[in-house]
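J.: Okay, here's the structure, questions in a sec.
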Amino acid sequence: MKLSAALKRSPVDWAARWLSRYLPKGLYARSLIIIIAPVVLLQSIVAYAFMERHWQLVTRRLSSAVTADIAALIDIYESYPQDKEASTLVRIASERLQLDVDILHDADLPPPGPKPFFSILDETLAEELRRQIDRPYWFDTVGRSNYVEIRVKLDQGSVMRVLARRSQAYASNSHIFLVWMGGSSFVLLGIAILFLRNQIRPILRLSEAAEALGKGREIEFRPRGAREVRQAGHAFLEMKRRIERSMEQRTTMLNGVSHDLRTILTRFKLSLVFLDQTPEVEDLKRDVDEMSRMLEGYLAFARGDAGEQAVETDLRLLLQELQSDAERQGYGLALDIIGDPIVTVRPDAFRRLLFNLVANAARHGDRVEISANHETRWLVLHVDDDGPGIAPEMREEVFKPFVRLDEARNQDEGGSGLGLAIARDIARSHGGDITLSESPLGGLRATVRLPA
């Protein structure tokens, strides 16, 4: 099925997929390509047209003029009697035509030499020599960089050797046009790069502000840049205000609900105190305590970490406090911290995250270890236990609210099923996540990965 679908793709689809795979993903790089590609294409077309039209035309005319001068010299040498060395002809050629002429007696033409890679002058000069002189000839445009040597076989068995400056037969100043074109292109591209950088910077600032909002951090942001970017910035600020207003309303509502429910539970507890302490009353007390713990869990999950700002926190101090709490509750907690202990988190929310993970590990194992590594831009924290662990196919299910692996577990012994859900919610609100894997201790490893 996939093969048949691939065969049905047109060449345009294949080209689009190839471009999407190899083109840069960043807006800045793509914008530069959008600017550079047309400029390079346009200049290539202009350079090609210049080479084809102007350069070849000028070279052809110069070569034609030099060849005509040589043909005239040959006609003069063969038509009019003169001395053997043709001194008069040599003088006229040097003074009037700027050609260095020499007559070689009893000489022959040298063998053809190698042609240069870029042989526009060779082709043009050879064509003009065949058209105007129509005699055996030989020329060299490589041996002497500033001169062109031409030899023509004469009727008397001698050879006329002519040295002409390259500029007489070749448009040698054409590189000036190419230099100006290349230089102006670099200037324009430099201006375009600076302009694009200034246009991309407000978008990056907007991205940083959105990321900081997701992590609960405050950042100074003012919409700048082009009109569309400013519109997006104002829309972001309006969204930020709505989110903050919604969180404030939710916090107010939860505070009211928690106050009313706690008041009722407190009345229940007071009423049970004045009753006879029978086994039934003890069961009611346990139910009220369990209800109070479940209420706190539900409210913590619903409240999240609303209203708390991220600040620099000493991770070592926070973990040591957690270790002391664990020791007071009767189980040991080993710590191992590598790297910078200062992290930027919401302290209360992060403490709740760690407490939930440690409580879950202590509930199912006898040995709990925490290792933290903050040597890069990320904080990686592991919570290991030696309990029974969790099957790989169930490691994502346990993060769902109200999910407990042992459904038959007594309510008094288990939690509300929100501990890991609250922990992951807090981790993701910091821009990170929590994953579960097998622990080196034989139980479960909870890995917290947060940008810090």
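Residue numbers start at 1 in each chain; chains themselves are named A, B, ... in the order of the structure tokens; ligands are numbered from 1 in the order shown.
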For the helix (DSSP H, G or I) assignment from backbone DSSP, which residues of stretch 150-391 of chain A qualify? Please present them as JSON, numbers by chain.

T.: {"A": [166, 167, 168, 169, 175, 176, 177, 178, 179, 180, 181, 182, 183, 184, 185, 186, 187, 188, 189, 190, 191, 192, 193, 194, 195, 196, 197, 198, 199, 200, 201, 202, 203, 204, 205, 206, 207, 208, 209, 210, 211, 212, 213, 214, 227, 228, 229, 230, 231, 232, 233, 234, 235, 236, 237, 238, 239, 240, 241, 242, 243, 244, 245, 246, 247, 248, 249, 250, 251, 252, 253, 254, 255, 256, 257, 258, 259, 260, 261, 262, 263, 264, 265, 266, 267, 268, 269, 270, 271, 272, 273, 279, 280, 281, 282, 283, 284, 285, 286, 287, 288, 289, 290, 291, 292, 293, 294, 295, 296, 297, 298, 299, 300, 301, 302, 303, 315, 316, 317, 318, 319, 320, 321, 322, 323, 324, 325, 326, 327, 328, 347, 348, 349, 350, 351, 352, 353, 354, 355, 356, 357, 358, 359, 360, 361, 362, 363, 364]}

J.: Do a neighbour search on A:Phe399 at 9 Å with only C-alpha atoms, toss out local chain neighbours closer than 4 positions, and write the hits as a VMD selection string.

T.: chain A and resid 395 403 417 to 424

J.: Using only C-alpha atoms, which residues sit within 10 Å of stretch 220-232 of chain A once same-chain residues fewer than 4 positions away are excluded, as a list of chain:residue names?

T.: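 Those residues are A:Asn198, A:Gln199, A:Ile200, A:Arg201, A:Pro202, A:Ile203, A:Arg205, A:Leu206, A:Glu208, A:Ala209, A:Ala210, A:Phe236, A:Leu237, A:Glu238.
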
J.: Env of stretch 258-270 of chain A: 10 Å cut, atoms = only C-alpha atoms, seq-sep filter 5 positions within chain, self excluded. Answer as a compact mmCIF listing (two decimals) with C-alpha atoms, in the first residue's frame.

T.:
# COMPACT_ATOMS: atom_id res chain seq x y z
CA THR A 252 -10.14 32.09 44.59
CA MET A 253 -12.82 29.49 43.98
CA LEU A 275 -18.88 10.66 71.28
CA LEU A 284 -15.57 7.04 61.48
CA LYS A 285 -12.43 8.91 62.55
CA VAL A 288 -12.82 11.41 58.15
CA ASP A 289 -9.00 11.42 58.11
CA MET A 291 -11.55 12.06 53.42
CA SER A 292 -9.36 14.95 54.57
CA LEU A 295 -9.65 16.39 49.73
CA GLU A 296 -6.14 17.80 50.01
CA TYR A 298 -7.95 16.71 44.88
CA LEU A 299 -7.42 20.36 45.72

J.: Taking the backbone alone, and naming residues the way the document does, which bits of stretch 110-308 of chain A are strand (DSSP E) by DSSP, as a list in words?

T.: Tyr137, Trp138, Phe139, Asp140, Tyr147, Val148, Glu149, Ile150, Arg151, Val152, Lys153, Val159, Met160, Arg161, Val162, Leu163, Ala164 and Arg165 of chain A

J.: Put those residues in a file: N, CA and C atoms, as an mmCIF file, in the first residue's frame.

T.:
data_model
loop_
_atom_site.group_PDB
_atom_site.id
_atom_site.type_symbol
_atom_site.label_atom_id
_atom_site.label_comp_id
_atom_site.auth_asym_id
_atom_site.auth_seq_id
_atom_site.Cartn_x
_atom_site.Cartn_y
_atom_site.Cartn_z
ATOM 1 N N TYR A 137 48.891 28.435 -39.813
ATOM 2 C CA TYR A 137 49.198 29.345 -38.702
ATOM 3 C C TYR A 137 49.392 28.544 -37.421
ATOM 4 N N TRP A 138 49.942 29.241 -36.479
ATOM 5 C CA TRP A 138 50.120 28.717 -35.114
ATOM 6 C C TRP A 138 50.104 29.896 -34.156
ATOM 7 N N PHE A 139 49.450 29.723 -33.030
ATOM 8 C CA PHE A 139 49.436 30.815 -32.042
ATOM 9 C C PHE A 139 49.472 30.212 -30.643
ATOM 10 N N ASP A 140 49.911 31.053 -29.734
ATOM 11 C CA ASP A 140 50.048 30.643 -28.326
ATOM 12 C C ASP A 140 49.509 31.764 -27.442
ATOM 13 N N TYR A 147 51.095 38.628 -23.493
ATOM 14 C CA TYR A 147 51.216 38.720 -24.950
ATOM 15 C C TYR A 147 50.578 37.508 -25.596
ATOM 16 N N VAL A 148 50.230 37.708 -26.875
ATOM 17 C CA VAL A 148 49.737 36.632 -27.729
ATOM 18 C C VAL A 148 50.728 36.503 -28.882
ATOM 19 N N GLU A 149 51.262 35.290 -29.067
ATOM 20 C CA GLU A 149 52.227 35.037 -30.147
ATOM 21 C C GLU A 149 51.517 34.335 -31.297
ATOM 22 N N ILE A 150 51.654 34.908 -32.494
ATOM 23 C CA ILE A 150 51.015 34.362 -33.697
ATOM 24 C C ILE A 150 52.096 34.146 -34.753
ATOM 25 N N ARG A 151 52.105 32.961 -35.360
ATOM 26 C CA ARG A 151 53.050 32.649 -36.445
ATOM 27 C C ARG A 151 52.250 32.212 -37.665
ATOM 28 N N VAL A 152 52.635 32.804 -38.832
ATOM 29 C CA VAL A 152 51.940 32.511 -40.086
ATOM 30 C C VAL A 152 52.968 32.064 -41.124
ATOM 31 N N LYS A 153 52.658 30.964 -41.824
ATOM 32 C CA LYS A 153 53.555 30.431 -42.866
ATOM 33 C C LYS A 153 53.423 31.263 -44.129
ATOM 34 N N VAL A 159 58.575 32.290 -42.036
ATOM 35 C CA VAL A 159 57.462 32.396 -41.080
ATOM 36 C C VAL A 159 57.476 33.800 -40.490
ATOM 37 N N MET A 160 56.283 34.412 -40.489
ATOM 38 C CA MET A 160 56.146 35.715 -39.839
ATOM 39 C C MET A 160 55.658 35.501 -38.392
ATOM 40 N N ARG A 161 56.470 35.974 -37.473
ATOM 41 C CA ARG A 161 56.105 35.885 -36.057
ATOM 42 C C ARG A 161 55.654 37.243 -35.573
ATOM 43 N N VAL A 162 54.481 37.282 -34.940
ATOM 44 C CA VAL A 162 53.894 38.535 -34.467
ATOM 45 C C VAL A 162 53.590 38.383 -32.978
ATOM 46 N N LEU A 163 54.055 39.351 -32.197
ATOM 47 C CA LEU A 163 53.721 39.431 -30.764
ATOM 48 C C LEU A 163 52.795 40.617 -30.556
ATOM 49 N N ALA A 164 51.585 40.352 -30.053
ATOM 50 C CA ALA A 164 50.602 41.411 -29.767
ATOM 51 C C ALA A 164 50.232 41.363 -28.292
ATOM 52 N N ARG A 165 50.039 42.541 -27.744
ATOM 53 C CA ARG A 165 49.581 42.565 -26.351
ATOM 54 C C ARG A 165 48.212 41.899 -26.241
#

J.: Contacts of A:Thr344 at 6 Å or less, counting only C-alpha atoms, minus same-chain residues fewer than 3 places along, as a PyMOL selection string?

T.: chain A and resi 310-313+452

J.: Deliver the residues from the most recent selection as a file, using N, CA and C atoms, as a PDB file, in the first residue's frame.

T.:
ATOM      1  N   ALA A 310       8.499  31.259  39.560  1.00  0.00           N
ATOM      2  CA  ALA A 310       9.755  30.511  39.596  1.00  0.00           C
ATOM      3  C   ALA A 310      10.877  31.410  40.106  1.00  0.00           C
ATOM      4  N   VAL A 311      11.648  30.904  41.039  1.00  0.00           N
ATOM      5  CA  VAL A 311      12.777  31.638  41.600  1.00  0.00           C
ATOM      6  C   VAL A 311      13.967  30.690  41.692  1.00  0.00           C
ATOM      7  N   GLU A 312      15.148  31.262  41.915  1.00  0.00           N
ATOM      8  CA  GLU A 312      16.338  30.432  42.114  1.00  0.00           C
ATOM      9  C   GLU A 312      16.230  29.721  43.462  1.00  0.00           C
ATOM     10  N   THR A 313      16.403  28.401  43.440  1.00  0.00           N
ATOM     11  CA  THR A 313      16.204  27.571  44.629  1.00  0.00           C
ATOM     12  C   THR A 313      17.424  26.683  44.827  1.00  0.00           C
ATOM     13  N   ALA A 452      16.765  24.091  33.409  1.00  0.00           N
ATOM     14  CA  ALA A 452      17.115  24.895  34.583  1.00  0.00           C
ATOM     15  C   ALA A 452      18.237  25.852  34.259  1.00  0.00           C
TER      16      ALA A 452
END

J.: Using only C-alpha atoms, which protein or nucleic acid residues come within 10 Å of stretch 353-360 of chain A? Drop anything in the same chain fewer than 3 positions from it, and give the result as a PyMOL selection string.

T.: chain A and resi 318-319+322-323+325-326+333+347-350+363-365+368-370+381-385+414-415+418-427+444-448

J.: Could the residues in this selection be saved with N, CA and C atoms as a CSV table (one decimal), in the first residue's frame?

T.:
chain,number,residue,atom,x,y,z
A,318,LEU,N,16.8,21.9,49.6
A,318,LEU,CA,15.4,21.3,49.5
A,318,LEU,C,15.4,19.8,49.7
A,319,LEU,N,16.4,19.1,49.1
A,319,LEU,CA,16.5,17.7,49.2
A,319,LEU,C,16.8,17.3,50.7
A,322,LEU,N,13.8,17.4,52.6
A,322,LEU,CA,12.9,16.2,52.3
A,322,LEU,C,13.5,14.9,53.0
A,323,GLN,N,14.8,14.8,53.0
A,323,GLN,CA,15.5,13.7,53.7
A,323,GLN,C,15.1,13.7,55.2
A,325,ASP,N,12.4,15.0,56.6
A,325,ASP,CA,11.0,14.6,56.8
A,325,ASP,C,10.9,13.1,56.6
A,326,ALA,N,11.6,12.5,55.7
A,326,ALA,CA,11.6,11.0,55.5
A,326,ALA,C,12.1,10.3,56.7
A,333,LEU,N,16.5,7.9,53.3
A,333,LEU,CA,16.5,8.5,52.0
A,333,LEU,C,18.0,8.9,51.7
A,347,PRO,N,9.3,26.8,44.0
A,347,PRO,CA,9.7,26.0,45.2
A,347,PRO,C,8.7,25.1,45.8
A,348,ASP,N,7.5,25.6,46.1
A,348,ASP,CA,6.5,24.8,46.7
A,348,ASP,C,6.0,23.7,45.8
A,349,ALA,N,5.8,24.0,44.5
A,349,ALA,CA,5.3,23.0,43.5
A,349,ALA,C,6.4,21.9,43.4
A,350,PHE,N,7.7,22.4,43.3
A,350,PHE,CA,8.7,21.4,43.1
A,350,PHE,C,8.9,20.5,44.3
A,363,ARG,N,6.3,4.0,49.7
A,363,ARG,CA,5.1,3.2,50.0
A,363,ARG,C,5.3,1.7,49.4
A,364,HIS,N,6.1,1.6,48.4
A,364,HIS,CA,6.2,0.3,47.7
A,364,HIS,C,7.6,-0.3,47.9
A,365,GLY,N,8.6,0.4,48.5
A,365,GLY,CA,9.9,-0.2,48.7
A,365,GLY,C,10.5,0.2,50.1
A,368,VAL,N,15.1,3.9,49.4
A,368,VAL,CA,14.8,5.0,48.4
A,368,VAL,C,16.1,5.8,48.3
A,369,GLU,N,16.5,6.1,47.0
A,369,GLU,CA,17.6,6.9,46.7
A,369,GLU,C,17.3,8.0,45.7
A,370,ILE,N,17.8,9.2,45.9
A,370,ILE,CA,17.6,10.3,45.0
A,370,ILE,C,19.0,10.8,44.5
A,381,LEU,N,16.9,14.4,37.5
A,381,LEU,CA,16.8,13.9,38.9
A,381,LEU,C,16.1,12.5,38.9
A,382,HIS,N,16.8,11.5,39.5
A,382,HIS,CA,16.3,10.1,39.6
A,382,HIS,C,15.8,9.8,41.0
A,383,VAL,N,14.6,9.2,41.1
A,383,VAL,CA,14.1,8.7,42.4
A,383,VAL,C,14.0,7.1,42.2
A,384,ASP,N,14.9,6.4,42.9
A,384,ASP,CA,14.9,4.9,42.8
A,384,ASP,C,14.4,4.3,44.1
A,385,ASP,N,13.8,3.1,43.9
A,385,ASP,CA,13.3,2.3,45.0
A,385,ASP,C,13.6,0.8,44.7
A,414,GLY,N,-4.0,2.9,50.7
A,414,GLY,CA,-3.6,3.5,49.4
A,414,GLY,C,-3.8,5.0,49.4
A,415,GLY,N,-3.4,5.6,48.3
A,415,GLY,CA,-3.6,7.1,48.1
A,415,GLY,C,-4.9,7.3,47.2
A,418,LEU,N,-3.6,10.3,42.7
A,418,LEU,CA,-3.3,11.5,42.1
A,418,LEU,C,-1.9,11.9,42.2
A,419,GLY,N,-1.1,11.2,43.0
A,419,GLY,CA,0.3,11.6,43.3
A,419,GLY,C,1.1,11.7,42.1
A,420,LEU,N,1.2,10.7,41.2
A,420,LEU,CA,2.0,10.8,40.0
A,420,LEU,C,1.4,11.7,39.0
A,421,ALA,N,0.1,11.8,39.0
A,421,ALA,CA,-0.5,12.8,38.0
A,421,ALA,C,-0.1,14.2,38.4
A,422,ILE,N,-0.2,14.5,39.7
A,422,ILE,CA,0.2,15.9,40.2
A,422,ILE,C,1.7,16.1,39.9
A,423,ALA,N,2.5,15.1,40.1
A,423,ALA,CA,4.0,15.3,39.9
A,423,ALA,C,4.3,15.6,38.4
A,424,ARG,N,3.6,14.8,37.5
A,424,ARG,CA,3.9,15.1,36.1
A,424,ARG,C,3.3,16.4,35.6
A,425,ASP,N,2.2,16.8,36.2
A,425,ASP,CA,1.6,18.1,35.8
A,425,ASP,C,2.6,19.2,36.2
A,426,ILE,N,3.2,19.1,37.4
A,426,ILE,CA,4.1,20.1,37.9
A,426,ILE,C,5.4,20.1,37.0
A,427,ALA,N,5.9,18.9,36.7
A,427,ALA,CA,7.1,18.8,35.8
A,427,ALA,C,6.8,19.5,34.4
A,444,LEU,N,11.5,0.6,40.8
A,444,LEU,CA,11.1,1.6,39.9
A,444,LEU,C,12.0,2.8,39.9
A,445,ARG,N,12.3,3.4,38.8
A,445,ARG,CA,13.1,4.6,38.7
A,445,ARG,C,12.1,5.7,38.1
A,446,ALA,N,11.9,6.8,38.8
A,446,ALA,CA,11.2,8.0,38.3
A,446,ALA,C,12.2,9.0,37.9
A,447,THR,N,12.3,9.4,36.6
A,447,THR,CA,13.3,10.4,36.1
A,447,THR,C,12.6,11.7,35.9
A,448,VAL,N,13.0,12.7,36.5
A,448,VAL,CA,12.5,14.1,36.3
A,448,VAL,C,13.6,14.8,35.5

J.: Please report the interatomic distance between atom CA of A:Ile434 and atom CA of A:Val380 in Å with one decimal.

T.: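 We find that atom CA of A:Ile434 and atom CA of A:Val380 lie 9.9 Å from each other.
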
J.: Quick one: of A:Val257, A:Leu436, A:Leu109, A:Ala192, who's nearest to A:Val39, counting only C-alpha atoms?

T.: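 Going through A:Val257, A:Leu436, A:Leu109, A:Ala192 one by one, the smallest distance to A:Val39 is for A:Ala192.
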
J.: From the set A:Leu335, A:His430, A:Val345, A:Met239, which residue has the shortest atom-to-atom contact distance to A:Asp314, counting only C-alpha atoms?

T.: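 Nearest candidate to A:Asp314 out of A:Leu335, A:His430, A:Val345, A:Met239: A:Val345.
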